[in-house]
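The next block is model_8.json, given as JSON, C-alpha atoms.
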[["chain", "number", "residue", "atom", "x", "y", "z"],
["H", 1, "MET", "CA", 167.92, 238.26, 151.35],
["H", 2, "LYS", "CA", 166.51, 234.75, 151.46],
["H", 3, "ASN", "CA", 165.04, 233.17, 148.35],
["H", 4, "ILE", "CA", 162.03, 230.90, 148.12],
["H", 5, "CYS", "CA", 161.62, 228.49, 145.22],
["H", 6, "VAL", "CA", 158.11, 228.20, 143.83],
["H", 7, "TYR", "CA", 157.23, 225.23, 141.63],
["H", 8, "GLY", "CA", 154.01, 225.36, 139.64],
["H", 9, "SER", "CA", 152.12, 224.79, 136.43],
["H", 10, "SER", "CA", 153.05, 226.36, 133.10],
["H", 11, "SER", "CA", 149.50, 225.91, 131.79],
["H", 12, "ALA", "CA", 147.51, 228.94, 130.67],
["H", 13, "ALA", "CA", 144.21, 227.00, 130.72],
["H", 14, "LEU", "CA", 143.69, 226.94, 134.50],
["H", 15, "ASP", "CA", 140.81, 228.33, 136.49],
["H", 16, "LYS", "CA", 141.23, 231.90, 137.76],
["H", 17, "ILE", "CA", 141.38, 230.69, 141.37],
["H", 18, "TYR", "CA", 144.81, 229.15, 140.72],
["H", 19, "PHE", "CA", 146.21, 232.28, 139.07],
["H", 20, "ASP", "CA", 144.90, 234.50, 141.86],
["H", 21, "ALA", "CA", 146.53, 232.33, 144.52],
["H", 22, "ALA", "CA", 149.88, 232.21, 142.70],
["H", 23, "THR", "CA", 149.90, 235.97, 142.17],
["H", 24, "SER", "CA", 149.03, 236.50, 145.82],
["H", 25, "LEU", "CA", 151.79, 234.10, 146.88],
["H", 26, "GLY", "CA", 154.37, 236.06, 144.91],
["H", 27, "ALA", "CA", 153.19, 239.37, 146.35],
["H", 28, "LEU", "CA", 153.24, 238.03, 149.91],
["H", 29, "LEU", "CA", 156.74, 236.60, 149.47],
["H", 30, "ALA", "CA", 158.03, 239.97, 148.29],
["H", 31, "GLN", "CA", 156.27, 241.80, 151.13],
["H", 32, "ALA", "CA", 157.92, 239.42, 153.61],
["H", 33, "GLY", "CA", 161.34, 240.22, 152.13],
["H", 34, "TYR", "CA", 161.90, 237.04, 150.13],
["H", 35, "GLY", "CA", 163.21, 236.78, 146.61],
["H", 36, "LEU", "CA", 161.71, 234.30, 144.18],
["H", 37, "VAL", "CA", 163.53, 231.44, 142.47],
["H", 38, "PHE", "CA", 161.45, 229.71, 139.80],
["H", 39, "GLY", "CA", 161.59, 227.91, 136.49],
["H", 40, "ALA", "CA", 161.56, 231.20, 134.54],
["H", 41, "GLY", "CA", 158.31, 230.47, 132.70],
["H", 42, "ASN", "CA", 156.12, 233.33, 131.52],
["H", 43, "MET", "CA", 152.96, 231.24, 131.36],
["H", 44, "GLY", "CA", 150.79, 229.61, 133.99],
["H", 45, "LEU", "CA", 151.36, 229.82, 137.72],
["H", 46, "MET", "CA", 155.09, 230.34, 137.27],
["H", 47, "GLY", "CA", 154.50, 233.63, 135.49],
["H", 48, "ALA", "CA", 151.73, 234.60, 137.90],
["H", 49, "ALA", "CA", 154.01, 234.14, 140.91],
["H", 50, "ALA", "CA", 156.79, 236.18, 139.27],
["H", 51, "ARG", "CA", 154.41, 239.00, 138.41],
["H", 52, "GLY", "CA", 153.12, 238.93, 141.97],
["H", 53, "VAL", "CA", 156.66, 239.34, 143.31],
["H", 54, "HIS", "CA", 157.37, 242.23, 140.94],
["H", 55, "SER", "CA", 154.06, 243.91, 141.86],
["H", 56, "LYS", "CA", 155.57, 244.47, 145.32],
["H", 57, "GLY", "CA", 159.07, 245.35, 144.17],
["H", 58, "GLY", "CA", 160.62, 241.94, 144.84],
["H", 59, "TYR", "CA", 163.56, 240.21, 143.15],
["H", 60, "VAL", "CA", 163.02, 237.36, 140.69],
["H", 61, "THR", "CA", 165.58, 234.76, 139.67],
["H", 62, "GLY", "CA", 164.58, 232.53, 136.78],
["H", 63, "VAL", "CA", 166.37, 229.29, 135.89],
["H", 64, "ILE", "CA", 165.63, 227.77, 132.50],
["H", 65, "PRO", "CA", 167.24, 225.07, 130.33],
["H", 66, "GLU", "CA", 168.66, 226.20, 127.01],
["H", 67, "PHE", "CA", 166.12, 224.30, 124.91],
["H", 68, "MET", "CA", 163.27, 226.22, 126.60],
["H", 69, "ASN", "CA", 164.89, 229.64, 126.35],
["H", 70, "VAL", "CA", 163.08, 230.48, 123.12],
["H", 71, "ASP", "CA", 160.20, 232.63, 121.86],
["H", 72, "ASP", "CA", 157.71, 233.57, 124.57],
["H", 73, "ILE", "CA", 158.53, 230.79, 127.04],
["H", 74, "PRO", "CA", 160.76, 232.73, 129.48],
["H", 75, "TYR", "CA", 159.54, 235.51, 131.74],
["H", 76, "LYS", "CA", 161.31, 238.49, 130.18],
["H", 77, "LYS", "CA", 161.42, 240.63, 133.34],
["H", 78, "CYS", "CA", 163.55, 238.28, 135.46],
["H", 79, "ASP", "CA", 166.04, 240.30, 137.49],
["H", 80, "GLU", "CA", 168.45, 237.42, 136.96],
["H", 81, "LEU", "CA", 168.04, 234.74, 134.30],
["H", 82, "ILE", "CA", 170.22, 231.63, 134.49],
["H", 83, "VAL", "CA", 170.30, 229.41, 131.41],
["H", 84, "THR", "CA", 171.37, 225.80, 131.99],
["H", 85, "GLN", "CA", 172.27, 223.01, 129.62],
["H", 86, "THR", "CA", 169.89, 220.44, 131.14],
["H", 87, "MET", "CA", 166.77, 220.09, 133.26],
["H", 88, "ARG", "CA", 168.81, 218.32, 135.95],
["H", 89, "GLU", "CA", 171.21, 221.25, 136.17],
["H", 90, "ARG", "CA", 168.22, 223.61, 136.33],
["H", 91, "LYS", "CA", 166.77, 221.81, 139.36],
["H", 92, "GLN", "CA", 170.14, 221.69, 141.12],
["H", 93, "ILE", "CA", 170.66, 225.43, 140.75],
["H", 94, "MET", "CA", 167.12, 226.14, 141.94],
["H", 95, "GLU", "CA", 167.76, 223.98, 145.00],
["H", 96, "GLU", "CA", 171.11, 225.60, 145.77],
["H", 97, "LYS", "CA", 169.77, 229.16, 145.44],
["H", 98, "SER", "CA", 166.68, 228.57, 147.59],
["H", 99, "ASP", "CA", 166.07, 228.67, 151.33],
["H", 100, "GLY", "CA", 162.66, 227.02, 151.10],
["H", 101, "PHE", "CA", 160.30, 225.43, 148.60],
["H", 102, "ILE", "CA", 156.61, 225.88, 147.82],
["H", 103, "ALA", "CA", 154.81, 223.64, 145.34],
["H", 104, "ALA", "CA", 151.82, 225.48, 143.90],
["H", 105, "PRO", "CA", 149.41, 223.33, 141.89],
["H", 106, "GLY", "CA", 151.02, 221.81, 138.83],
["H", 107, "GLY", "CA", 151.35, 218.80, 136.59],
["H", 108, "ILE", "CA", 153.87, 215.98, 136.42],
["H", 109, "GLY", "CA", 156.85, 218.36, 136.33],
["H", 110, "THR", "CA", 155.73, 220.00, 139.57],
["H", 111, "PHE", "CA", 155.05, 216.59, 141.15],
["H", 112, "GLU", "CA", 158.55, 215.47, 140.22],
["H", 113, "GLU", "CA", 160.14, 218.62, 141.63],
["H", 114, "PHE", "CA", 158.20, 218.36, 144.88],
["H", 115, "PHE", "CA", 159.02, 214.70, 145.42],
["H", 116, "GLU", "CA", 162.69, 215.16, 144.56],
["H", 117, "ILE", "CA", 163.14, 217.99, 147.05],
["H", 118, "LEU", "CA", 161.18, 216.01, 149.65],
["H", 119, "THR", "CA", 163.35, 212.93, 149.05],
["H", 120, "LEU", "CA", 166.51, 215.01, 149.44],
["H", 121, "LYS", "CA", 165.22, 216.31, 152.77],
["H", 122, "GLN", "CA", 164.43, 212.77, 153.91],
["H", 123, "LEU", "CA", 167.99, 211.80, 152.99],
["H", 124, "LYS", "CA", 169.31, 214.76, 155.04],
["H", 125, "GLN", "CA", 170.70, 216.61, 152.04],
["H", 126, "HIS", "CA", 168.98, 219.82, 153.14],
["H", 127, "LYS", "CA", 167.07, 221.20, 156.13],
["H", 128, "LYS", "CA", 164.82, 223.66, 154.32],
["H", 129, "PRO", "CA", 161.02, 224.06, 154.60],
["H", 130, "VAL", "CA", 158.87, 222.30, 152.00],
["H", 131, "VAL", "CA", 155.25, 223.37, 151.43],
["H", 132, "LEU", "CA", 152.36, 222.08, 149.33],
["H", 133, "LEU", "CA", 150.00, 224.94, 148.51],
["H", 134, "ASN", "CA", 146.65, 223.16, 148.33],
["H", 135, "THR", "CA", 144.71, 225.76, 146.34],
["H", 136, "ASN", "CA", 141.16, 224.58, 145.63],
["H", 137, "ASN", "CA", 141.97, 221.24, 147.37],
["H", 138, "TYR", "CA", 144.21, 220.37, 144.43],
["H", 139, "TYR", "CA", 146.65, 218.29, 146.47],
["H", 140, "ASN", "CA", 144.13, 216.32, 148.54],
["H", 141, "ASN", "CA", 144.82, 213.12, 146.59],
["H", 142, "ILE", "CA", 148.58, 213.54, 146.95],
["H", 143, "GLN", "CA", 148.10, 213.85, 150.71],
["H", 144, "ASP", "CA", 145.91, 210.74, 150.71],
["H", 145, "MET", "CA", 148.62, 208.87, 148.79],
["H", 146, "MET", "CA", 151.28, 210.00, 151.26],
["H", 147, "GLU", "CA", 149.17, 208.78, 154.17],
["H", 148, "LEU", "CA", 148.59, 205.44, 152.42],
["H", 149, "CYS", "CA", 152.33, 205.16, 151.84],
["H", 150, "VAL", "CA", 152.86, 205.52, 155.59],
["H", 151, "SER", "CA", 149.98, 203.25, 156.66],
["H", 152, "GLU", "CA", 151.26, 200.46, 154.36],
["H", 153, "GLN", "CA", 154.78, 200.96, 155.77],
["H", 154, "PHE", "CA", 156.42, 202.13, 152.56],
["H", 155, "ALA", "CA", 157.55, 205.16, 154.59],
["H", 156, "LYS", "CA", 157.84, 206.13, 158.23],
["H", 157, "GLU", "CA", 155.20, 208.33, 159.82],
["H", 158, "GLN", "CA", 157.88, 211.00, 160.21],
["H", 159, "THR", "CA", 157.80, 211.41, 156.43],
["H", 160, "LEU", "CA", 154.56, 213.37, 156.83],
["H", 161, "GLU", "CA", 156.47, 215.88, 158.96],
["H", 162, "LEU", "CA", 159.06, 216.60, 156.28],
["H", 163, "TYR", "CA", 156.60, 219.00, 154.61],
["H", 164, "THR", "CA", 153.39, 220.81, 155.37],
["H", 165, "MET", "CA", 150.25, 221.26, 153.31],
["H", 166, "VAL", "CA", 148.39, 224.58, 153.56],
["H", 167, "ASP", "CA", 145.29, 226.04, 151.95],
["H", 168, "THR", "CA", 146.30, 229.66, 151.39],
["H", 169, "PRO", "CA", 149.32, 231.69, 150.28],
["H", 170, "GLU", "CA", 149.23, 233.49, 153.63],
["H", 171, "GLN", "CA", 149.65, 230.18, 155.47],
["H", 172, "ALA", "CA", 152.49, 229.17, 153.14],
["H", 173, "VAL", "CA", 154.49, 232.34, 153.81],
["H", 174, "GLU", "CA", 153.76, 232.16, 157.54],
["H", 175, "TYR", "CA", 155.05, 228.58, 157.69],
["H", 176, "ILE", "CA", 158.22, 229.51, 155.79],
["H", 177, "SER", "CA", 158.82, 232.56, 158.01],
["H", 178, "ASN", "CA", 158.42, 230.62, 161.27],
["H", 179, "TYR", "CA", 160.08, 227.39, 160.16],
["H", 180, "LYS", "CA", 162.41, 225.55, 162.53],
["H", 181, "HIS", "CA", 164.08, 222.39, 161.29],
["H", 182, "LYS", "CA", 163.46, 219.16, 163.21],
["H", 183, "ASP", "CA", 165.91, 216.28, 162.93],
["H", 184, "PHE", "CA", 164.58, 212.80, 162.25],
["H", 185, "ALA", "CA", 166.01, 209.32, 162.48],
["H", 186, "LEU", "CA", 167.26, 207.65, 159.32],
["H", 187, "LYS", "CA", 164.49, 206.73, 156.92],
["H", 188, "TRP", "CA", 164.90, 202.98, 156.62],
["H", 189, "PHE", "CA", 162.77, 200.51, 158.52],
["H", 190, "THR", "CA", 164.31, 197.73, 160.54],
["H", 191, "ALA", "CA", 163.79, 194.54, 158.57],
["H", 192, "THR", "CA", 160.90, 192.47, 159.88],
["H", 193, "SER", "CA", 159.46, 189.14, 158.87],
["H", 194, "LYS", "CA", 155.75, 188.74, 158.11],
["H", 195, "GLU", "CA", 155.65, 184.99, 157.72]]
Using the file provided, produce a representation of the structure as structure tokens.
Amino acid sequence: MKNICVYGSSSAALDKIYFDAATSLGALLAQAGYGLVFGAGNMGLMGAAARGVHSKGGYVTGVIPEFMNVDDIPYKKCDELIVTQTMRERKQIMEEKSDGFIAAPGGIGTFEEFFEILTLKQLKQHKKPVVLLNTNNYYNNIQDMMELCVSEQFAKEQTLELYTMVDTPEQAVEYISNYKHKDFALKWFTATSKE
């Protein structure tokens, strides 16, 4: 069975539209035969995705650092719960156990996870699909920033092909299911003078 990593918010204060999409994403992943790898949180979109997977009989692997494995933070029904010493170890295990990555809406932790996994793909450290789930147009500004990064030559245009942005959970799962890796040239620009 292949596993898909879902990054997402741990906030409980979000609009219902975000919870509905995350729950639907989890259910669709399970229906497509994927297991879930996630940050093991009970709250927010992390918990919603896990409950969605379990609603369709799927398998959930949670990865949580020791300092967060307290009280009501972890999702208690994880089929497998891995406790790490550090956040860095947590992210590494999530990467190693996953065959693809979906960033649901989230805060700075989710941004950091998305950009790290995207950077690793750019550096040819993995060939796995990377998806931004743009529920309620949440990631429009991130996409605008990525396009500005390319237009100002901080990154090659190919960078925009290292991931895809979709509007619905259905589109996210479809992209993952049909994904074929495409090799790109090395990331660095040839030095040029702008005197």
Contacts between stretch 174-178 of chain H and stretch 124-163 of chain H, please, where a residue of stretch 124-163 of chain H counts if it comes within 9 Å (with only C-alpha atoms); show its shortest atom pair and distance in Å to one decimal, rows by chain and ascending number, as CSV.
residue,atom,partner,partner_atom,distance
H:Lys128,CA,H:Ile176,CA,8.9
H:Pro129,CA,H:Ile176,CA,6.2
H:Val130,CA,H:Ile176,CA,8.2
H:Val131,CA,H:Ile176,CA,8.1
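Distance annotation: of H:Gln122, H:Gln85, H:Thr135, H:Asn42, the residue with the minimal separation from H:Ile102 is H:Thr135; atom set is only C-alpha atoms.
You can rank H:Leu133, H:Ala49, H:Ile117, H:Ile93 by their closest distance to H:Leu28 using only C-alpha atoms, and at the top of that list sits H:Ala49.
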Which residues are near H:Met165? Cut-off 9 Å, all atoms listed in the file, ignore same chain within fewer than 2 positions. Put them as JSON, numbers by chain. {"H": [130, 131, 132, 133, 134, 139, 143, 163, 167, 172]}
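Near stretch 4-8 of chain H, within 8 Å and counting all atoms listed in the file, sit Leu29, Tyr34, Gly35, Leu36, Val37, Phe38, Gly39, Gly44, Leu45, Met46, Ala49, Met94, Glu95, Ser98, Asp99, Gly100, Phe101, Ile102, Ala103, Ala104, Pro105, Gly106, Gly107, Thr110, Glu113 and Phe114 of chain H, not including residues fewer than 5 positions from it in the same chain.
Candidate residues H:Asp144, H:Asn69, H:Glu112, H:Cys78 were compared for distance to H:Lys91, and the nearest is H:Glu112, using only C-alpha atoms.
Between atom CA of H:Tyr18 and atom CA of H:Arg51 the separation is 13.9 Å.
Atom CA of H:Leu118 to atom CA of H:Thr61 spans 21.7 Å [interatomic distance, one decimal].
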Polymer residues at most 12 Å from H:Val70, all atoms listed in the file, same-chain spacing of 5 or more positions, as a VMD selection string: chain H and resid 40 to 42 64 to 65 75 to 76 83
Distance in Å - atom CA of H:Lys124 versus atom CA of H:Ala185: 9.8 Å
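Distances to H:Pro74 were evaluated for H:Ala30, H:Asn137, H:Glu152, H:Ala50 using all atoms listed in the file, and the minimum falls at H:Ala50.
Each of H:Asn140, H:Leu120, H:Gly26, H:Cys149 was checked against H:Leu162 using all atoms listed in the file; the smallest atom-to-atom distance is that of H:Leu120.
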Extract, using all atoms listed in the file, all DNA, RNA and protein residues at most 12 Å from H:Val150, discarding same-chain residues fewer than 4 positions from it, and format them as a list in words. Gln143, Asp144, Met145, Met146, Phe154, Ala155, Lys156, Glu157, Gln158, Thr159, Leu160, Glu161, Lys187 and Phe189 of chain H
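Restricting the calculation to all atoms listed in the file, the smallest distance between H:His126 and any of H:Asp183, H:Asn141, H:Asp71, H:Val60 is found for H:Asp183.
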Residues near H:Ile17, anyone? I mean within 8 Å using all atoms listed in the file, not counting same-chain ones fewer than 3 positions away, as an NGL selection string. :H and (20-21 or 135-136)
